[in-house]
Amino acid sequence: MDLDALVAIDVHTHVHADTHGHMALDDELSAAASKYFKGDPYDPTVPDIAADYRAKNMAAVVFSVDTEMATGQPALSNEEIADLAAEHPDVLIPFGSVDPARGLSGIRLARKLVESHGVRGFKFHPSIQAFEPNDRSVYPLFEEIQSLGVPALFHTGQTGIGAGLPGGRGIKLRYSDPMLLDDVAADFPGLTIIMAHPSVPWQDAAISVATHKANVYIDLSGWSPKYFPPQLVKAANGLLKHKVLFGSDYPLLRPERWIADFEQLDIKPEVKPLIMKENAIKALGLR
């Protein structure tokens, strides 16, 4: 990957379908998410994502989310995602996803994905996977990821998955309170943690955690920048200028829309390249 030639690194993109037609979300959750984001349904495979981002001269972190234990929807293959991403090393950075509920088998899978398939990090969605990140029962998985030297990216704040459905399809927002990650960051100082999204309604907590813990970053995905809480914009422009990362939430939010709205924010010229690429290079350990 020619990091100097890239214009940006999108740290948050979803693989919605595999090359065999299997989907990451069931029909009800997929329809609800599309309605929430007000976008046209689009279910890209790994090769689709590579083509889209190569055309934009950007790199992308790609992953699915292992929600099979909670939703019954069979998870897309981490191995397939990683192996397909390896065919596009100029633009794709593969992350894996392991539900902590998988226990010892999940821990073994995490090591296999890194050592045998080149996975560069892991994605968690506490609300859908229904776990508290600071629950000591899930710590062995975090210990393994820390020992592997790769980052962990956690969904925080509200979610478009299940939005507008009765009971939110049982998905509980409290699991994605960023203060739960303060414990994880303190207990695993060698683990790089990326808190995904503006953490509404807990934005101040996320800023506090990222300010206090050197191993914690914030990605700006999932919200058009025109809706960013003002305190997040202020922090990104100053106190946290080295701790915030460009992420879109593709395909539900496309990078071109995100960037167009980001350009309207009052962000200092010297800070923009940090957010768009340089901070990600450091957080992901790309050089």
# chains A, B, ... in the order shown; residues from 1 in each chain; ligands from 1
>>> residues_around(residues="range 277-285 of chain A", least_positions_apart="2", cutoff="10 Å", atoms="only C-alpha atoms", output="PyMOL selection string")
chain A and resi 3-4+6-11+58-59+61+93+120-121+149-152+192-194+215-217+219+241-247+271-275+287
>>> closest_atom_pairs(of="range 208-274 of chain A", to="range 181-187 of chain A", cutoff="12 Å", atoms="only C-alpha atoms", output="Markdown table")
| residue | atom | partner | partner_atom | distance |
| --- | --- | --- | --- | --- |
| A:Ser208 | CA | A:Asp182 | CA | 9.2 |
| A:Val209 | CA | A:Asp182 | CA | 5.9 |
| A:Ala210 | CA | A:Asp182 | CA | 8.7 |
| A:Thr211 | CA | A:Asp182 | CA | 10.8 |
| A:His212 | CA | A:Asp182 | CA | 8.9 |
| A:Lys213 | CA | A:Ala185 | CA | 6.7 |
| A:Ala214 | CA | A:Ala185 | CA | 8.7 |
| A:Asn215 | CA | A:Ala185 | CA | 6.8 |
| A:Val216 | CA | A:Ala185 | CA | 7.0 |
| A:Tyr217 | CA | A:Ala185 | CA | 10.6 |
| A:Ile218 | CA | A:Leu181 | CA | 11.8 |
>>> closest_residue(among="A:Ile161, A:Glu143, A:His16, A:Leu220", to="Trp258 in chain A", atoms="only C-alpha atoms")
A:Leu220
>>> select_by_dssp(residues="range 12-260 of chain A", states="strand (DSSP E)", output="list in words")
His12, Thr13, His14, Met58, Ala59, Ala60, Val61, Val62, Phe63, Leu92, Ile93, Pro94, Phe122, Lys123, Phe124, Ala152, Leu153, Phe154, His155, Ile193, Ile194, Met195, Ala196, Val216, Tyr217, Ile218, Asp219, Val244 and Leu245 of chain A
>>> select_by_dssp(residues="range 10-81 of chain A", states="helix (DSSP H, G or I)", output="ChimeraX atom specification")
/A:27-37,46-55,68-71,78-81
>>> residues_around(residues="range 165-168 of chain A", least_positions_apart="3", cutoff="12 Å", atoms="only C-alpha atoms", output="JSON, numbers by chain")
{"A": [28, 29, 30, 31, 32, 33, 35, 36, 127, 128, 158, 159, 160, 161, 162, 171, 172, 173]}
>>> residues_around(residues="range 223-226 of chain A", least_positions_apart="5", cutoff="9 Å", atoms="only C-alpha atoms", output="MDAnalysis selection string")
chainID A and resid 37 197:198 233 248:249 253 257:265
>>> write_last_selection(atoms="all heavy atoms", output="compact mmCIF listing (two decimals), in the first residue's frame")
# COMPACT_ATOMS: atom_id res chain seq x y z
N PHE A 37 -30.70 5.55 7.47
CA PHE A 37 -29.65 6.33 6.82
C PHE A 37 -30.15 7.04 5.56
O PHE A 37 -29.39 7.78 4.93
CB PHE A 37 -28.46 5.44 6.47
CG PHE A 37 -27.56 5.15 7.64
CD1 PHE A 37 -27.72 4.00 8.39
CD2 PHE A 37 -26.56 6.03 7.99
CE1 PHE A 37 -26.89 3.72 9.47
CE2 PHE A 37 -25.73 5.77 9.08
CZ PHE A 37 -25.89 4.62 9.82
N HIS A 197 -17.85 6.20 15.77
CA HIS A 197 -18.98 7.10 15.64
C HIS A 197 -19.00 8.23 16.69
O HIS A 197 -18.47 8.04 17.80
CB HIS A 197 -20.33 6.36 15.75
CG HIS A 197 -20.41 5.09 14.99
ND1 HIS A 197 -20.05 4.99 13.66
CD2 HIS A 197 -20.80 3.84 15.36
CE1 HIS A 197 -20.24 3.74 13.25
NE2 HIS A 197 -20.69 3.03 14.27
N PRO A 198 -19.62 9.35 16.34
CA PRO A 198 -20.03 10.28 17.38
C PRO A 198 -20.91 9.52 18.37
O PRO A 198 -21.89 8.88 17.97
CB PRO A 198 -20.82 11.34 16.61
CG PRO A 198 -20.21 11.32 15.24
CD PRO A 198 -19.91 9.87 14.98
N VAL A 233 -16.63 18.64 17.28
CA VAL A 233 -15.92 19.44 16.29
C VAL A 233 -14.80 20.23 16.96
O VAL A 233 -13.66 20.29 16.46
CB VAL A 233 -16.88 20.40 15.56
CG1 VAL A 233 -16.13 21.29 14.58
CG2 VAL A 233 -17.97 19.61 14.84
N SER A 248 -16.47 6.48 7.29
CA SER A 248 -17.73 6.85 6.65
C SER A 248 -18.93 6.06 7.18
O SER A 248 -19.98 6.62 7.44
CB SER A 248 -17.63 6.66 5.13
OG SER A 248 -17.44 5.30 4.80
N ASP A 249 -18.79 4.75 7.34
CA ASP A 249 -19.85 3.77 7.58
C ASP A 249 -20.42 3.28 6.26
O ASP A 249 -21.59 2.88 6.17
CB ASP A 249 -20.97 4.31 8.47
CG ASP A 249 -21.48 3.26 9.46
OD1 ASP A 249 -20.92 2.14 9.49
OD2 ASP A 249 -22.43 3.54 10.21
N LEU A 253 -23.44 5.09 4.58
CA LEU A 253 -23.05 6.49 4.40
C LEU A 253 -21.81 6.47 3.52
O LEU A 253 -20.77 5.93 3.91
CB LEU A 253 -22.77 7.17 5.74
CG LEU A 253 -22.36 8.64 5.72
CD1 LEU A 253 -23.44 9.49 5.07
CD2 LEU A 253 -22.07 9.14 7.12
N ARG A 257 -20.21 11.69 0.30
CA ARG A 257 -21.16 12.53 1.03
C ARG A 257 -20.53 13.03 2.33
O ARG A 257 -20.65 14.21 2.69
CB ARG A 257 -22.44 11.74 1.35
CG ARG A 257 -23.43 12.53 2.20
CD ARG A 257 -24.59 11.67 2.66
NE ARG A 257 -25.38 12.35 3.68
CZ ARG A 257 -26.30 11.75 4.44
NH1 ARG A 257 -26.54 10.47 4.28
NH2 ARG A 257 -26.96 12.43 5.35
N TRP A 258 -19.85 12.14 3.05
CA TRP A 258 -19.20 12.52 4.31
C TRP A 258 -18.19 13.63 4.06
O TRP A 258 -18.17 14.63 4.79
CB TRP A 258 -18.52 11.29 4.90
CG TRP A 258 -18.03 11.45 6.31
CD1 TRP A 258 -18.65 11.03 7.45
CD2 TRP A 258 -16.80 12.07 6.73
NE1 TRP A 258 -17.88 11.36 8.55
CE2 TRP A 258 -16.75 12.00 8.14
CE3 TRP A 258 -15.76 12.69 6.05
CZ2 TRP A 258 -15.69 12.52 8.88
CZ3 TRP A 258 -14.69 13.22 6.79
CH2 TRP A 258 -14.67 13.13 8.18
N ILE A 259 -17.36 13.46 3.06
CA ILE A 259 -16.29 14.43 2.80
C ILE A 259 -16.87 15.78 2.38
O ILE A 259 -16.38 16.84 2.80
CB ILE A 259 -15.31 13.89 1.76
CG1 ILE A 259 -14.52 12.71 2.35
CG2 ILE A 259 -14.36 14.98 1.27
CD1 ILE A 259 -13.68 11.96 1.34
N ALA A 260 -17.91 15.76 1.57
CA ALA A 260 -18.54 17.02 1.14
C ALA A 260 -19.05 17.81 2.34
O ALA A 260 -18.88 19.03 2.42
CB ALA A 260 -19.67 16.74 0.16
N ASP A 261 -19.64 17.12 3.31
CA ASP A 261 -20.14 17.80 4.51
C ASP A 261 -18.99 18.18 5.44
O ASP A 261 -19.04 19.23 6.10
CB ASP A 261 -21.15 16.90 5.23
CG ASP A 261 -22.46 16.76 4.47
OD1 ASP A 261 -22.71 17.58 3.57
OD2 ASP A 261 -23.22 15.83 4.78
N PHE A 262 -17.96 17.35 5.49
CA PHE A 262 -16.79 17.66 6.33
C PHE A 262 -16.11 18.94 5.87
O PHE A 262 -15.61 19.73 6.68
CB PHE A 262 -15.81 16.48 6.27
CG PHE A 262 -14.58 16.65 7.12
CD1 PHE A 262 -14.65 16.62 8.50
CD2 PHE A 262 -13.33 16.83 6.52
CE1 PHE A 262 -13.50 16.77 9.28
CE2 PHE A 262 -12.18 16.97 7.29
CZ PHE A 262 -12.27 16.94 8.67
N GLU A 263 -16.10 19.17 4.57
CA GLU A 263 -15.46 20.37 4.02
C GLU A 263 -16.16 21.64 4.48
O GLU A 263 -15.57 22.73 4.43
CB GLU A 263 -15.43 20.30 2.49
CG GLU A 263 -14.45 19.28 1.94
CD GLU A 263 -13.01 19.59 2.27
OE1 GLU A 263 -12.66 20.79 2.36
OE2 GLU A 263 -12.23 18.63 2.48
N GLN A 264 -17.39 21.52 4.92
CA GLN A 264 -18.13 22.69 5.38
C GLN A 264 -17.86 23.02 6.85
O GLN A 264 -18.25 24.08 7.33
CB GLN A 264 -19.64 22.48 5.19
CG GLN A 264 -20.04 22.18 3.75
CD GLN A 264 -19.56 23.22 2.77
OE1 GLN A 264 -19.78 24.42 2.96
NE2 GLN A 264 -18.89 22.77 1.71
N LEU A 265 -17.18 22.10 7.57
CA LEU A 265 -16.85 22.35 8.97
C LEU A 265 -15.66 23.30 9.06
O LEU A 265 -14.81 23.35 8.18
CB LEU A 265 -16.50 21.05 9.69
CG LEU A 265 -17.61 20.02 9.88
CD1 LEU A 265 -17.07 18.83 10.68
CD2 LEU A 265 -18.81 20.62 10.58
>>> residues_around(residues="Asp52 in chain A", least_positions_apart="4", cutoff="12 Å", atoms="only C-alpha atoms", output="list in words")
Asp10, Thr13, Pro44, Thr45, Val46, Pro47, Asp48, Lys56, Asn57, Met58, Ala59, Ala60, His88, Val91, Leu92, Tyr250, Pro251, Arg254, Pro255 and Glu256 of chain A
>>> write_last_selection(atoms="N, CA, C and O atoms", output="compact mmCIF listing (two decimals), in the first residue's frame")
# COMPACT_ATOMS: atom_id res chain seq x y z
N ASP A 10 -10.26 5.39 5.03
CA ASP A 10 -11.57 5.24 5.65
C ASP A 10 -11.50 4.04 6.60
O ASP A 10 -11.36 2.90 6.16
N THR A 13 -15.68 0.64 7.06
CA THR A 13 -16.53 0.23 5.95
C THR A 13 -17.01 -1.20 6.16
O THR A 13 -16.27 -2.05 6.67
N PRO A 44 -22.39 -4.29 -0.89
CA PRO A 44 -21.13 -4.56 -1.59
C PRO A 44 -20.39 -5.77 -1.05
O PRO A 44 -20.41 -6.07 0.14
N THR A 45 -19.73 -6.46 -1.95
CA THR A 45 -18.78 -7.52 -1.60
C THR A 45 -17.40 -6.89 -1.45
O THR A 45 -17.20 -5.70 -1.74
N VAL A 46 -16.44 -7.68 -1.01
CA VAL A 46 -15.07 -7.16 -0.87
C VAL A 46 -14.53 -6.64 -2.20
O VAL A 46 -13.97 -5.53 -2.26
N PRO A 47 -14.67 -7.36 -3.33
CA PRO A 47 -14.19 -6.80 -4.60
C PRO A 47 -14.89 -5.50 -4.99
O PRO A 47 -14.26 -4.60 -5.57
N ASP A 48 -16.18 -5.38 -4.66
CA ASP A 48 -16.90 -4.13 -4.93
C ASP A 48 -16.26 -2.97 -4.17
O ASP A 48 -16.08 -1.88 -4.72
N LYS A 56 -11.45 6.13 -5.93
CA LYS A 56 -11.37 7.36 -5.14
C LYS A 56 -9.95 7.63 -4.64
O LYS A 56 -9.72 8.64 -3.95
N ASN A 57 -9.00 6.73 -4.94
CA ASN A 57 -7.63 6.83 -4.45
C ASN A 57 -7.60 6.86 -2.93
O ASN A 57 -6.84 7.60 -2.31
N MET A 58 -8.45 6.04 -2.33
CA MET A 58 -8.52 5.90 -0.87
C MET A 58 -8.28 4.44 -0.49
O MET A 58 -8.49 3.54 -1.30
N ALA A 59 -7.88 4.23 0.74
CA ALA A 59 -7.85 2.90 1.33
C ALA A 59 -9.03 2.75 2.27
O ALA A 59 -9.60 3.75 2.74
N ALA A 60 -9.40 1.51 2.57
CA ALA A 60 -10.54 1.25 3.43
C ALA A 60 -10.27 0.08 4.35
O ALA A 60 -9.72 -0.95 3.93
N HIS A 88 -6.32 -7.33 -2.84
CA HIS A 88 -6.37 -5.89 -3.14
C HIS A 88 -5.58 -5.12 -2.07
O HIS A 88 -6.12 -4.21 -1.42
N VAL A 91 -5.50 -1.16 -1.52
CA VAL A 91 -6.59 -0.32 -1.01
C VAL A 91 -7.34 -0.89 0.18
O VAL A 91 -8.10 -0.16 0.83
N LEU A 92 -7.17 -2.17 0.51
CA LEU A 92 -7.99 -2.77 1.57
C LEU A 92 -7.16 -3.23 2.75
O LEU A 92 -6.07 -3.81 2.60
N TYR A 250 -19.61 3.33 5.22
CA TYR A 250 -19.95 2.78 3.91
C TYR A 250 -20.46 1.34 4.08
O TYR A 250 -19.92 0.59 4.90
N PRO A 251 -21.49 0.95 3.33
CA PRO A 251 -22.15 1.67 2.25
C PRO A 251 -23.36 2.49 2.68
O PRO A 251 -23.98 3.15 1.86
N ARG A 254 -21.91 7.06 2.33
CA ARG A 254 -20.82 7.00 1.37
C ARG A 254 -19.74 8.04 1.68
O ARG A 254 -20.05 9.14 2.17
N PRO A 255 -18.49 7.73 1.39
CA PRO A 255 -17.41 8.67 1.72
C PRO A 255 -17.51 10.01 1.02
O PRO A 255 -17.15 11.04 1.60
N GLU A 256 -18.03 10.02 -0.20
CA GLU A 256 -18.13 11.30 -0.91
C GLU A 256 -19.12 12.24 -0.22
O GLU A 256 -18.89 13.46 -0.17
>>> closest_residue(among="A:Tyr175, A:Phe95, A:Phe122, A:Phe131", to="Met69 in chain A", atoms="only C-alpha atoms")
A:Phe131
>>> closest_residue(among="A:Ala55, A:Ala17, A:Ala101, A:Ile107", to="Leu76 in chain A", atoms="only C-alpha atoms")
A:Ala17
>>> residues_around(residues="Leu148 in chain A", least_positions_apart="5", cutoff="9 Å", atoms="only C-alpha atoms", output="PyMOL selection string")
chain A and resi 110-111+114-115+143
>>> atom_distance(atom1="CA of Asp26 in chain A", atom2="CA of Ala196 in chain A")
22.4 Å
>>> closest_residue(among="A:Glu132, A:Asp177, A:Asp18, A:Asp2", to="Leu84 in chain A", atoms="only C-alpha atoms")
A:Asp18
>>> atom_distance(atom1="CA of Ala235 in chain A", atom2="CA of Gln146 in chain A")
27.2 Å
>>> closest_residue(among="A:Leu113, A:Ile81, A:Leu239, A:Ala5", to="Ala24 in chain A", atoms="only C-alpha atoms")
A:Ile81
>>> closest_residue(among="A:Leu252, A:Gly157, A:Val119, A:Asn78", to="Asp43 in chain A", atoms="only C-alpha atoms")
A:Leu252
